[in-house]
>>> print(open('start00.tsv').read())   # TSV, C-alpha atoms and all ligand atoms
chain	number	residue	atom	x	y	z
A	1	MET	CA	0.00	0.00	0.00
A	2	LYS	CA	1.51	3.32	-1.08
A	3	VAL	CA	0.83	6.01	1.51
A	4	LEU	CA	1.79	9.67	1.25
A	5	LYS	CA	2.38	11.73	4.36
A	6	PHE	CA	1.45	15.43	4.47
A	7	ASP	CA	1.92	17.99	7.18
A	8	ARG	CA	-0.98	20.42	7.74
A	9	LYS	CA	0.54	23.13	5.53
A	10	GLY	CA	1.38	20.64	2.80
A	11	MET	CA	-2.19	19.34	2.80
A	12	GLY	CA	-3.45	22.90	2.26
A	13	LYS	CA	-0.99	23.39	-0.63
A	14	TRP	CA	-2.03	20.11	-2.23
A	15	LEU	CA	-5.74	21.00	-1.99
A	16	ALA	CA	-4.97	24.37	-3.60
A	17	ARG	CA	-3.11	22.57	-6.39
A	18	LEU	CA	-6.12	20.32	-6.91
A	19	GLY	CA	-8.13	23.51	-7.38
A	20	GLU	CA	-6.54	23.75	-10.85
A	21	LYS	CA	-8.22	20.44	-11.73
A	22	GLY	CA	-11.70	21.23	-10.44
A	23	ASN	CA	-13.72	22.90	-7.72
A	24	VAL	CA	-12.42	21.81	-4.33
A	25	TYR	CA	-15.06	21.68	-1.58
A	26	VAL	CA	-14.34	21.25	2.13
A	27	PRO	CA	-16.55	21.01	5.24
A	28	ALA	CA	-17.73	24.50	6.14
A	29	SER	CA	-16.89	24.89	9.82
A	30	SER	CA	-15.40	28.13	11.05
A	31	LYS	CA	-13.29	26.44	13.69
A	32	GLU	CA	-12.23	23.00	14.81
A	33	GLY	CA	-14.61	21.35	17.25
A	34	LYS	CA	-17.70	23.04	15.80
A	35	THR	CA	-20.01	20.95	13.61
A	36	ALA	CA	-19.71	22.00	10.00
A	37	ILE	CA	-22.93	23.29	8.44
A	38	GLY	CA	-22.29	22.00	4.96
A	39	TRP	CA	-19.61	22.46	2.34
A	40	ARG	CA	-17.77	25.49	0.99
A	41	LYS	CA	-15.54	26.04	-1.99
A	42	LEU	CA	-11.87	26.28	-1.05
A	43	GLU	CA	-10.48	29.63	-2.16
A	44	SER	CA	-6.92	29.59	-0.81
A	45	ALA	CA	-4.07	27.23	0.13
A	46	GLU	CA	-5.38	26.24	3.55
A	47	MET	CA	-6.02	23.06	5.43
A	48	PRO	CA	-9.62	23.56	6.62
A	49	PRO	CA	-10.42	23.09	10.32
A	50	VAL	CA	-11.50	19.51	10.91
A	51	SER	CA	-14.45	18.97	13.25
A	52	PRO	CA	-15.44	15.55	14.55
A	53	GLY	CA	-18.41	13.88	12.93
A	54	VAL	CA	-20.32	14.75	9.79
A	55	PRO	CA	-21.33	18.20	8.50
A	56	ALA	CA	-25.00	18.99	9.07
A	57	ARG	CA	-25.74	18.66	5.34
A	58	PRO	CA	-24.95	15.36	3.65
A	59	VAL	CA	-22.69	14.86	0.66
A	60	LYS	CA	-25.71	13.62	-1.35
A	61	ASN	CA	-26.47	17.25	-2.21
A	62	PHE	CA	-23.61	17.15	-4.75
A	63	LEU	CA	-25.16	14.14	-6.47
A	64	LEU	CA	-28.83	15.03	-6.09
A	65	PRO	CA	-28.78	18.83	-6.30
A	66	GLN	CA	-31.76	20.98	-5.32
A	67	PRO	CA	-33.17	21.48	-7.93
A	68	GLU	CA	-31.68	19.45	-10.74
A	69	VAL	CA	-32.63	20.50	-14.29
A	70	LEU	CA	-33.43	17.36	-16.28
A	71	PHE	CA	-34.16	19.20	-19.52
A	72	ARG	CA	-35.31	22.51	-20.96
A	73	PHE	CA	-37.89	23.20	-23.63
A	74	SER	CA	-39.56	26.05	-25.44
A	75	THR	CA	-43.31	26.61	-25.25
A	76	ARG	CA	-43.59	29.19	-28.06
A	77	PRO	CA	-46.42	28.18	-30.38
A	78	GLY	CA	-45.40	27.64	-33.99
A	79	LYS	CA	-41.68	27.40	-33.20
A	80	GLU	CA	-39.89	24.38	-34.58
A	81	ASP	CA	-38.37	23.38	-31.25
A	82	SER	CA	-41.57	23.84	-29.28
A	83	PHE	CA	-41.82	21.19	-26.54
A	84	ILE	CA	-38.69	19.38	-27.74
A	85	PRO	CA	-36.68	18.46	-24.65
A	86	ARG	CA	-33.06	19.60	-24.59
A	87	GLU	CA	-30.92	17.90	-21.99
A	88	PRO	CA	-28.31	20.02	-20.21
A	89	GLU	CA	-24.71	19.38	-21.23
A	90	PRO	CA	-22.97	17.50	-18.42
A	91	GLY	CA	-20.62	19.81	-16.52
A	92	GLN	CA	-17.02	19.62	-17.70
A	93	VAL	CA	-15.56	20.65	-14.35
A	94	ASP	CA	-15.02	18.09	-11.62
A	95	ASN	CA	-15.86	18.68	-7.99
A	96	ILE	CA	-13.20	17.37	-5.64
A	97	ILE	CA	-14.82	16.98	-2.24
A	98	PHE	CA	-12.44	16.76	0.69
A	99	GLY	CA	-13.28	15.59	4.20
A	100	VAL	CA	-16.10	13.19	3.40
A	101	ARG	CA	-16.57	10.92	6.41
A	102	PRO	CA	-16.75	7.15	5.76
A	103	CYS	CA	-20.52	6.99	6.44
A	104	ASP	CA	-21.27	9.75	3.91
A	105	ALA	CA	-18.91	8.25	1.32
A	106	ARG	CA	-20.64	4.90	1.73
A	107	SER	CA	-24.02	6.55	1.14
A	108	ILE	CA	-22.90	7.52	-2.39
A	109	MET	CA	-22.30	3.85	-3.15
A	110	LEU	CA	-25.66	2.82	-1.63
A	111	ASN	CA	-27.62	5.49	-3.52
A	112	ALA	CA	-25.97	4.39	-6.77
A	113	MET	CA	-27.91	1.10	-6.47
A	114	PRO	CA	-31.43	2.48	-7.06
A	115	TYR	CA	-29.95	5.09	-9.44
A	116	GLU	CA	-28.02	2.48	-11.41
A	117	ASN	CA	-29.81	3.37	-14.66
A	118	ASP	CA	-30.18	7.07	-13.99
A	119	PRO	CA	-27.88	8.94	-16.42
A	120	TYR	CA	-27.98	12.14	-14.33
A	121	TYR	CA	-26.82	10.46	-11.12
A	122	GLN	CA	-24.23	8.40	-12.96
A	123	ALA	CA	-22.82	11.51	-14.69
A	124	ARG	CA	-22.57	13.27	-11.34
A	125	MET	CA	-20.72	10.30	-9.88
A	126	GLU	CA	-18.17	10.74	-12.65
A	127	HIS	CA	-17.79	14.43	-11.92
A	128	ASN	CA	-17.55	14.23	-8.12
A	129	ILE	CA	-14.27	12.91	-6.76
A	130	ILE	CA	-14.38	11.92	-3.12
A	131	ILE	CA	-11.49	12.40	-0.70
A	132	GLY	CA	-12.53	10.58	2.45
A	133	LEU	CA	-11.43	11.52	5.95
A	134	THR	CA	-11.46	8.67	8.44
A	135	CYS	CA	-12.78	9.18	11.96
A	136	GLY	CA	-10.43	9.02	14.92
A	137	GLU	CA	-13.08	10.44	17.20
A	138	PRO	CA	-16.64	9.29	16.42
A	139	CYS	CA	-19.44	11.36	18.03
A	140	SER	CA	-22.00	10.04	20.50
A	141	THR	CA	-24.58	9.94	17.68
A	142	CYS	CA	-22.34	7.97	15.25
A	143	PHE	CA	-23.09	4.27	14.75
A	144	CYS	CA	-21.63	3.37	11.34
A	145	SER	CA	-20.38	0.04	12.68
A	146	TRP	CA	-23.97	-1.04	13.44
A	147	THR	CA	-24.90	-0.71	9.80
A	148	GLY	CA	-22.00	-2.43	8.01
A	149	GLY	CA	-19.56	0.51	7.91
A	150	SER	CA	-16.47	1.44	9.87
A	151	PRO	CA	-14.81	4.69	11.09
A	152	MET	CA	-11.86	3.70	8.86
A	153	GLY	CA	-14.10	2.68	5.92
A	154	THR	CA	-13.19	3.57	2.35
A	155	ASP	CA	-16.33	2.49	0.40
A	156	GLY	CA	-17.31	5.24	-2.02
A	157	CYS	CA	-13.94	7.05	-1.67
A	158	ASP	CA	-11.40	7.72	-4.40
A	159	LEU	CA	-8.81	8.52	-1.79
A	160	SER	CA	-8.74	8.17	1.97
A	161	VAL	CA	-6.97	10.50	4.41
A	162	THR	CA	-6.25	9.62	8.04
A	163	GLU	CA	-4.94	12.00	10.68
A	164	LEU	CA	-2.16	10.26	12.58
A	165	GLU	CA	0.06	11.90	15.18
A	166	GLY	CA	-0.36	15.38	13.73
A	167	ALA	CA	0.27	14.30	10.13
A	168	PHE	CA	-2.15	13.34	7.36
A	169	MET	CA	-1.75	9.95	5.66
A	170	ALA	CA	-3.31	9.67	2.21
A	171	ARG	CA	-3.85	6.47	0.28
A	172	ALA	CA	-5.47	6.08	-3.11
A	173	ILE	CA	-8.49	3.78	-3.39
A	174	THR	CA	-9.24	4.24	-7.10
A	175	ARG	CA	-7.31	5.25	-10.22
A	176	ARG	CA	-8.84	8.73	-9.90
A	177	GLY	CA	-7.42	8.90	-6.37
A	178	GLU	CA	-3.98	7.84	-7.64
A	179	LYS	CA	-4.05	10.69	-10.15
A	180	LEU	CA	-4.81	13.19	-7.40
A	181	LEU	CA	-1.88	11.90	-5.36
A	182	GLU	CA	0.41	12.45	-8.36
A	183	GLU	CA	-0.28	16.16	-7.83
A	184	ALA	CA	1.42	15.98	-4.42
A	185	ALA	CA	4.92	15.74	-5.92
A	186	GLY	CA	7.28	17.97	-3.94
A	187	ILE	CA	4.65	18.53	-1.22
A	188	ALA	CA	4.22	15.12	0.48
A	189	VAL	CA	6.70	12.36	1.25
A	190	GLU	CA	6.20	8.64	1.11
A	191	ALA	CA	5.18	7.45	4.60
A	192	ASP	CA	7.79	5.36	6.42
A	193	HIS	CA	7.25	1.80	7.58
A	194	ASP	CA	6.14	2.81	11.11
A	195	ALA	CA	3.50	5.21	9.81
A	196	VAL	CA	2.07	2.62	7.40
A	197	GLU	CA	2.05	0.06	10.18
A	198	GLY	CA	0.23	2.54	12.45
A	199	LEU	CA	-2.36	3.10	9.74
A	200	GLU	CA	-2.86	-0.60	9.16
A	201	LYS	CA	-3.26	-1.14	12.90
A	202	MET	CA	-5.92	1.61	13.09
A	203	SER	CA	-7.81	0.02	10.18
A	204	ALA	CA	-7.63	-3.45	11.68
A	205	THR	CA	-8.85	-2.23	15.08
A	206	ALA	CA	-11.69	-0.27	13.49
A	207	VAL	CA	-12.73	-3.22	11.32
A	208	ALA	CA	-12.63	-5.58	14.32
A	209	GLY	CA	-14.74	-3.08	16.29
A	210	ALA	CA	-17.12	-2.73	13.37
A	211	GLY	CA	-17.36	-6.51	13.18
A	212	SER	CA	-18.74	-6.71	16.67
A	213	GLY	CA	-20.96	-3.71	15.98
A	214	THR	CA	-22.59	-5.23	12.91
A	215	ALA	CA	-24.68	-7.40	15.21
A	216	PRO	CA	-27.75	-5.11	14.82
A	217	GLU	CA	-27.44	-5.24	11.01
A	218	ARG	CA	-27.22	-9.04	11.00
A	219	ALA	CA	-29.97	-9.44	13.56
A	220	LEU	CA	-32.29	-7.12	11.61
A	221	ARG	CA	-31.75	-9.15	8.45
A	222	GLU	CA	-32.53	-12.36	10.29
A	223	ARG	CA	-35.67	-10.95	11.91
A	224	ASP	CA	-38.84	-11.09	9.78
A	225	LEU	CA	-39.81	-7.43	10.10
A	226	MET	CA	-43.04	-7.98	8.15
A	227	GLU	CA	-44.33	-9.79	11.23
A	228	LEU	CA	-44.15	-6.44	13.00
A	229	TYR	CA	-46.00	-4.53	10.29
A	230	ASN	CA	-49.05	-3.98	12.49
A	231	ALA	CA	-47.25	-3.74	15.84
A	232	PRO	CA	-48.75	-1.02	18.13
A	233	PHE	CA	-45.23	0.35	18.52
A	234	TRP	CA	-45.56	2.18	15.14
A	235	GLN	CA	-48.56	4.11	16.48
A	236	ASP	CA	-46.57	5.23	19.55
A	237	LEU	CA	-43.78	6.44	17.28
A	238	ALA	CA	-46.19	8.23	14.95
A	239	GLU	CA	-47.74	10.09	17.87
A	240	ARG	CA	-44.35	11.62	18.65
A	241	CYS	CA	-43.32	12.41	15.07
A	242	ILE	CA	-44.44	15.81	13.72
A	243	ASN	CA	-43.74	14.82	10.09
A	244	CYS	CA	-41.38	17.77	9.59
A	245	GLY	CA	-39.25	15.77	7.14
A	246	ALA	CA	-35.94	16.98	8.63
A	247	CYS	CA	-34.71	13.40	9.04
A	248	THR	CA	-35.20	12.58	5.36
A	249	PHE	CA	-33.68	15.78	3.95
A	250	LEU	CA	-30.61	15.43	6.19
A	251	CYS	CA	-30.27	11.71	5.63
A	252	PRO	CA	-27.51	10.84	3.12
A	253	THR	CA	-29.33	7.67	2.05
A	254	CYS	CA	-32.81	9.13	1.51
A	255	TYR	CA	-33.05	9.61	-2.23
A	256	CYS	CA	-36.73	10.14	-3.08
A	257	PHE	CA	-37.62	12.94	-5.46
A	258	ASP	CA	-40.45	14.82	-7.10
A	259	ILE	CA	-40.54	16.10	-10.66
A	260	GLN	CA	-42.12	19.38	-11.71
A	261	ASP	CA	-42.37	21.42	-14.92
A	262	GLU	CA	-41.88	25.18	-14.71
A	263	THR	CA	-42.61	27.59	-17.56
A	264	LEU	CA	-42.08	31.33	-17.86
A	265	HIS	CA	-42.12	33.64	-20.91
A	266	GLY	CA	-42.13	30.80	-23.42
A	267	LYS	CA	-39.33	28.87	-21.75
A	268	GLY	CA	-39.76	25.73	-19.70
A	269	ARG	CA	-37.68	23.37	-17.63
A	270	ARG	CA	-38.35	20.02	-16.03
A	271	ILE	CA	-36.73	19.83	-12.61
A	272	ARG	CA	-36.14	17.14	-10.04
A	273	TYR	CA	-36.28	17.98	-6.35
A	274	GLN	CA	-35.41	15.97	-3.28
A	275	ASP	CA	-38.70	15.04	-1.64
A	276	SER	CA	-39.73	13.40	1.61
A	277	CYS	CA	-41.83	10.29	2.21
A	278	MET	CA	-42.85	11.95	5.51
A	279	PHE	CA	-45.17	14.35	3.66
A	280	PRO	CA	-48.74	13.19	2.81
A	281	LEU	CA	-48.50	14.79	-0.66
A	282	PHE	CA	-45.61	12.51	-1.56
A	283	THR	CA	-47.87	9.52	-2.21
A	284	LEU	CA	-51.10	11.33	-3.14
A	285	HIS	CA	-52.45	9.85	-6.40
A	286	ALA	CA	-54.14	11.97	-9.08
A	287	SER	CA	-57.35	10.05	-8.25
A	288	GLY	CA	-57.29	11.47	-4.73
A	289	HIS	CA	-56.40	8.12	-3.19
A	290	ASN	CA	-53.44	8.16	-0.83
A	291	PRO	CA	-51.90	4.81	0.11
A	292	ARG	CA	-49.97	6.46	2.94
A	293	GLY	CA	-52.48	9.07	4.01
A	294	GLN	CA	-52.00	8.38	7.73
A	295	LYS	CA	-48.94	9.48	9.64
A	296	VAL	CA	-48.41	6.05	11.12
A	297	GLN	CA	-48.10	4.62	7.60
A	298	ARG	CA	-45.46	7.21	6.66
A	299	VAL	CA	-43.42	6.78	9.83
A	300	ARG	CA	-43.48	3.00	9.44
A	301	ASN	CA	-42.49	3.30	5.80
A	302	ARG	CA	-39.43	5.42	6.59
A	303	PHE	CA	-38.00	2.78	8.91
A	304	MET	CA	-39.20	-0.24	6.95
A	305	HIS	CA	-37.64	1.17	3.79
A	306	LYS	CA	-34.27	1.58	5.47
A	307	LEU	CA	-34.28	-1.66	7.42
A	308	LYS	CA	-36.35	-4.07	5.32
A	309	TYR	CA	-37.40	-3.05	1.78
A	310	PHE	CA	-34.02	-1.66	0.63
A	311	PRO	CA	-32.00	-4.58	2.08
A	312	ASP	CA	-34.45	-7.06	0.51
A	313	ARG	CA	-33.89	-5.44	-2.88
A	314	PHE	CA	-30.22	-4.46	-2.78
A	315	GLY	CA	-28.53	-6.19	0.19
A	316	PRO	CA	-27.27	-3.56	2.66
A	317	LEU	CA	-29.37	-1.49	5.08
A	318	SER	CA	-30.26	1.95	3.72
A	319	CYS	CA	-28.71	3.63	6.74
A	320	VAL	CA	-25.02	4.38	7.19
A	321	GLY	CA	-25.23	5.33	10.87
A	322	CYS	CA	-24.23	8.97	10.38
A	323	GLY	CA	-26.52	9.99	13.25
A	324	ARG	CA	-27.88	13.16	11.59
A	325	CYS	CA	-31.50	12.14	12.14
A	326	VAL	CA	-30.67	11.34	15.76
A	327	ARG	CA	-28.97	14.70	16.23
A	328	ASP	CA	-31.58	16.86	14.54
A	329	CYS	CA	-35.01	15.30	15.07
A	330	PRO	CA	-36.98	17.93	17.03
A	331	VAL	CA	-38.79	15.24	19.04
A	332	ASN	CA	-35.74	13.02	19.65
A	333	ILE	CA	-36.77	10.02	17.62
A	334	ASP	CA	-33.65	7.83	17.53
A	335	ILE	CA	-33.31	5.17	14.83
A	336	ARG	CA	-31.02	3.17	17.16
A	337	GLU	CA	-33.90	2.86	19.61
A	338	VAL	CA	-36.23	1.87	16.78
A	339	MET	CA	-33.79	-0.87	15.74
A	340	GLY	CA	-33.55	-2.05	19.35
A	341	LYS	CA	-37.36	-2.08	19.70
A	342	LEU	CA	-37.83	-4.05	16.47
A	343	LEU	CA	-35.32	-6.64	17.66
A	344	ALA	CA	-36.90	-6.88	21.09
A	345	LEU	CA	-40.52	-7.24	19.94
B	1	LIG	S1	-37.18	14.63	12.08
B	1	LIG	FE1	-38.29	13.55	13.71
B	1	LIG	S2	-40.25	14.66	13.88
B	1	LIG	FE2	-39.35	15.26	11.92
B	1	LIG	S3	-40.25	13.79	10.46
B	1	LIG	FE3	-38.30	12.92	11.11
B	1	LIG	S4	-38.82	11.53	12.82
B	1	LIG	FE4	-40.59	12.91	12.49
B	2	LIG	S1	-31.30	7.07	8.88
B	2	LIG	FE1	-30.33	8.61	10.20
B	2	LIG	S2	-28.43	7.65	10.90
B	2	LIG	FE2	-29.16	6.44	9.14
B	2	LIG	S3	-28.08	7.36	7.40
B	2	LIG	FE3	-30.07	8.41	7.57
B	2	LIG	S4	-29.66	10.26	8.82
B	2	LIG	FE4	-27.91	8.84	9.04
>>> encode(input="start00.tsv", output="structure tokens")
Amino acid sequence: MKVLKFDRKGMGKWLARLGEKGNVYVPASSKEGKTAIGWRKLESAEMPPVSPGVPARPVKNFLLPQPEVLFRFSTRPGKEDSFIPREPEPGQVDNIIFGVRPCDARSIMLNAMPYENDPYYQARMEHNIIIGLTCGEPCSTCFCSWTGGSPMGTDGCDLSVTELEGAFMARAITRRGEKLLEEAAGIAVEADHDAVEGLEKMSATAVAGAGSGTAPERALRERDLMELYNAPFWQDLAERCINCGACTFLCPTCYCFDIQDETLHGKGRRIRYQDSCMFPLFTLHASGHNPRGQKVQRVRNRFMHKLKYFPDRFGPLSCVGCGRCVRDCPVNIDIREVMGKLLAL
């Protein structure tokens, strides 16, 4: 394993150099220790402050932007191109996103499963290069190891960076990552044997820890959750939930959308928005029928989708244990407690 070692200043210089290849984004926290709100474009040669845990906004916003223009059209009567869809040209500039935590990076891979045949998502995957940042200090709301991930995980990353004894160790995961490391010539040095050994030890310990933590994931797969479809527990949960949708918009693995057409002055565009299964309108049919018209049905669906329907269809749970929904639910609904309840019933 080839590992490059950067000091803090060198890391800043390298990120600035990568800025010549694309837009470099970093977590937007003003100082270390404070949760980042989202992502900001890097404007100078600086190593951004690194806060523990994930930024408030997930990395999915780069792949499922709000809104995303699917195509444009003209509505001028008599014009040759009237109502002929014109797809936007895919962007030529890459985004290079630094500081993506392993849970968020893994969500990109999970979302690619339902979007396998979606040309827009696939094009964005090609134009977003992910530099992961492993977690030495998981937060109290983090539980990636319960859901098949690890604080040292590299799924979904092109390159993975680990902070070790004041230095930053970077290893390429994909060919794209290797190319980015080639830009570090004269800035980073090849890590010595001790540093590589330290990194391998950290990975092994994290994976072993994750192994014991995957018990909830395994147990959930073995449990027939459909048996609990009508359990009174869902009603208790629904009484607490205010259906604000915060959990779904902040969740990196919630990927539902709505499509709308907008027209103005003879020009139109079809746009895709992130949407939330917590809202009654989400499933309202044109006939007026709503298969999930009651809150209890929507709350149950959110958890069943993550813990039962998605795994049945694709394999893994549709939760990466980032803890955002735990941190930001206004009524303190905690998916870890829901998992525990489902296993105990
Ligand atoms: S954030 Fe909490 S209250 Fe809001 S919809 Fe989600 S579970 Fe319900
Ligand atoms: S369900 Fe909650 S903990 Fe799981 S990925 Fe979504 S926001 Fe993170």
>>> closest_residue(input="start00.tsv", among="A:Glu165, A:Glu337, A:Asp155, A:Asp328", to="Ala195 of chain A", atoms="all atoms listed in the file")
A:Glu165
>>> residues_near_ligand(input="start00.tsv", ligand="ligand LIG 1 (chain B)", cutoff="12 Å", atoms="all atoms listed in the file", output="JSON, numbers by chain")
{"A": [234, 237, 238, 239, 240, 241, 242, 243, 244, 245, 246, 247, 248, 249, 250, 251, 254, 276, 277, 278, 279, 280, 295, 296, 298, 299, 300, 301, 302, 303, 323, 324, 325, 326, 327, 328, 329, 330, 331, 332, 333, 334, 335, 338]}
>>> write_last_selection(input="start00.tsv", atoms="C-alpha atoms", output="short mmCIF file (atom, residue, chain, number, x, y, z; two decimals), in the coordinates of the input")
data_model
loop_
_atom_site.label_atom_id
_atom_site.label_comp_id
_atom_site.auth_asym_id
_atom_site.auth_seq_id
_atom_site.Cartn_x
_atom_site.Cartn_y
_atom_site.Cartn_z
CA TRP A 234 -45.56 2.18 15.14
CA LEU A 237 -43.78 6.44 17.28
CA ALA A 238 -46.19 8.23 14.95
CA GLU A 239 -47.74 10.09 17.87
CA ARG A 240 -44.35 11.62 18.65
CA CYS A 241 -43.32 12.41 15.07
CA ILE A 242 -44.44 15.81 13.72
CA ASN A 243 -43.74 14.82 10.09
CA CYS A 244 -41.38 17.77 9.59
CA GLY A 245 -39.25 15.77 7.14
CA ALA A 246 -35.94 16.98 8.63
CA CYS A 247 -34.71 13.40 9.04
CA THR A 248 -35.20 12.58 5.36
CA PHE A 249 -33.68 15.78 3.95
CA LEU A 250 -30.61 15.43 6.19
CA CYS A 251 -30.27 11.71 5.63
CA CYS A 254 -32.81 9.13 1.51
CA SER A 276 -39.73 13.40 1.61
CA CYS A 277 -41.83 10.29 2.21
CA MET A 278 -42.85 11.95 5.51
CA PHE A 279 -45.17 14.35 3.66
CA PRO A 280 -48.74 13.19 2.81
CA LYS A 295 -48.94 9.48 9.64
CA VAL A 296 -48.41 6.05 11.12
CA ARG A 298 -45.46 7.21 6.66
CA VAL A 299 -43.42 6.78 9.83
CA ARG A 300 -43.48 3.00 9.44
CA ASN A 301 -42.49 3.30 5.80
CA ARG A 302 -39.43 5.42 6.59
CA PHE A 303 -38.00 2.78 8.91
CA GLY A 323 -26.52 9.99 13.25
CA ARG A 324 -27.88 13.16 11.59
CA CYS A 325 -31.50 12.14 12.14
CA VAL A 326 -30.67 11.34 15.76
CA ARG A 327 -28.97 14.70 16.23
CA ASP A 328 -31.58 16.86 14.54
CA CYS A 329 -35.01 15.30 15.07
CA PRO A 330 -36.98 17.93 17.03
CA VAL A 331 -38.79 15.24 19.04
CA ASN A 332 -35.74 13.02 19.65
CA ILE A 333 -36.77 10.02 17.62
CA ASP A 334 -33.65 7.83 17.53
CA ILE A 335 -33.31 5.17 14.83
CA VAL A 338 -36.23 1.87 16.78
#
>>> residues_around(input="start00.tsv", residues="Phe257 of chain A", least_positions_apart="4", cutoff="12 Å", atoms="only C-alpha atoms", output="VMD selection string")
chain A and resid 64 to 68 115 248 to 249 271 to 277 279 282 to 283
>>> atom_distance(input="start00.tsv", atom1="atom CA of Ile97 of chain A", atom2="atom CA of Lys60 of chain A")
11.4 Å
>>> atom_distance(input="start00.tsv", atom1="atom CA of Val100 of chain A", atom2="atom CA of Leu133 of chain A")
5.6 Å
>>> closest_residue(input="start00.tsv", among="A:Leu220, A:Val54, A:Leu342, A:Ala188", to="ligand LIG 2 (chain B)", atoms="only C-alpha atoms and all ligand atoms")
A:Val54
>>> closest_residue(input="start00.tsv", among="A:Ser107, A:Ser44, A:Thr205, A:Asn230", to="ligand LIG 2 (chain B)", atoms="only C-alpha atoms and all ligand atoms")
A:Ser107
>>> closest_residue(input="start00.tsv", among="A:Leu343, A:Ala105, A:Ala123, A:Leu284", to="ligand LIG 2 (chain B)", atoms="only C-alpha atoms and all ligand atoms")
A:Ala105
>>> closest_residue(input="start00.tsv", among="A:Asp81, A:Asp158, A:Glu87, A:Glu190", to="Gly99 of chain A", atoms="all atoms listed in the file")
A:Asp158
>>> residues_near_point(input="start00.tsv", point="(-13.0, 17.5, 18.1)", cutoff="6 Å", atoms="only C-alpha atoms", output="number ranges by chain")
A: 33, 51-52
>>> atom_distance(input="start00.tsv", atom1="atom CA of Gly321 of chain A", atom2="atom CA of Ala36 of chain A")
17.6 Å
>>> residues_around(input="start00.tsv", residues="Leu307 of chain A", least_positions_apart="4", cutoff="12 Å", atoms="all atoms listed in the file", output="mmCIF file with C-alpha atoms, in the coordinates of the input")
data_model
loop_
_atom_site.group_PDB
_atom_site.id
_atom_site.type_symbol
_atom_site.label_atom_id
_atom_site.label_comp_id
_atom_site.auth_asym_id
_atom_site.auth_seq_id
_atom_site.Cartn_x
_atom_site.Cartn_y
_atom_site.Cartn_z
ATOM 1 C CA TRP A 146 -23.970 -1.040 13.440
ATOM 2 C CA THR A 147 -24.900 -0.710 9.800
ATOM 3 C CA PRO A 216 -27.750 -5.110 14.820
ATOM 4 C CA GLU A 217 -27.440 -5.240 11.010
ATOM 5 C CA ARG A 218 -27.220 -9.040 11.000
ATOM 6 C CA ALA A 219 -29.970 -9.440 13.560
ATOM 7 C CA LEU A 220 -32.290 -7.120 11.610
ATOM 8 C CA ARG A 221 -31.750 -9.150 8.450
ATOM 9 C CA GLU A 222 -32.530 -12.360 10.290
ATOM 10 C CA ARG A 223 -35.670 -10.950 11.910
ATOM 11 C CA ASP A 224 -38.840 -11.090 9.780
ATOM 12 C CA LEU A 225 -39.810 -7.430 10.100
ATOM 13 C CA MET A 226 -43.040 -7.980 8.150
ATOM 14 C CA THR A 253 -29.330 7.670 2.050
ATOM 15 C CA ARG A 300 -43.480 3.000 9.440
ATOM 16 C CA ASN A 301 -42.490 3.300 5.800
ATOM 17 C CA ARG A 302 -39.430 5.420 6.590
ATOM 18 C CA PHE A 303 -38.000 2.780 8.910
ATOM 19 C CA PRO A 311 -32.000 -4.580 2.080
ATOM 20 C CA ASP A 312 -34.450 -7.060 0.510
ATOM 21 C CA ARG A 313 -33.890 -5.440 -2.880
ATOM 22 C CA PHE A 314 -30.220 -4.460 -2.780
ATOM 23 C CA GLY A 315 -28.530 -6.190 0.190
ATOM 24 C CA PRO A 316 -27.270 -3.560 2.660
ATOM 25 C CA LEU A 317 -29.370 -1.490 5.080
ATOM 26 C CA SER A 318 -30.260 1.950 3.720
ATOM 27 C CA CYS A 319 -28.710 3.630 6.740
ATOM 28 C CA VAL A 320 -25.020 4.380 7.190
ATOM 29 C CA GLY A 321 -25.230 5.330 10.870
ATOM 30 C CA ILE A 335 -33.310 5.170 14.830
ATOM 31 C CA ARG A 336 -31.020 3.170 17.160
ATOM 32 C CA VAL A 338 -36.230 1.870 16.780
ATOM 33 C CA MET A 339 -33.790 -0.870 15.740
ATOM 34 C CA GLY A 340 -33.550 -2.050 19.350
ATOM 35 C CA LEU A 342 -37.830 -4.050 16.470
ATOM 36 C CA LEU A 343 -35.320 -6.640 17.660
#
>>> closest_residue(input="start00.tsv", among="A:Phe6, A:Tyr25, A:Tyr255, A:Phe73", to="Pro114 of chain A", atoms="all atoms listed in the file")
A:Tyr255
>>> residues_around(input="start00.tsv", residues="Arg269 of chain A", least_positions_apart="2", cutoff="12 Å", atoms="only C-alpha atoms", output="list in words")
Pro67, Glu68, Val69, Leu70, Phe71, Arg72, Phe73, Ser74, Thr75, Phe83, Ile84, Pro85, Arg86, Glu87, Pro88, Ile259, Gln260, Asp261, Glu262, Thr263, Leu264, His265, Gly266, Lys267, Ile271 and Arg272 of chain A
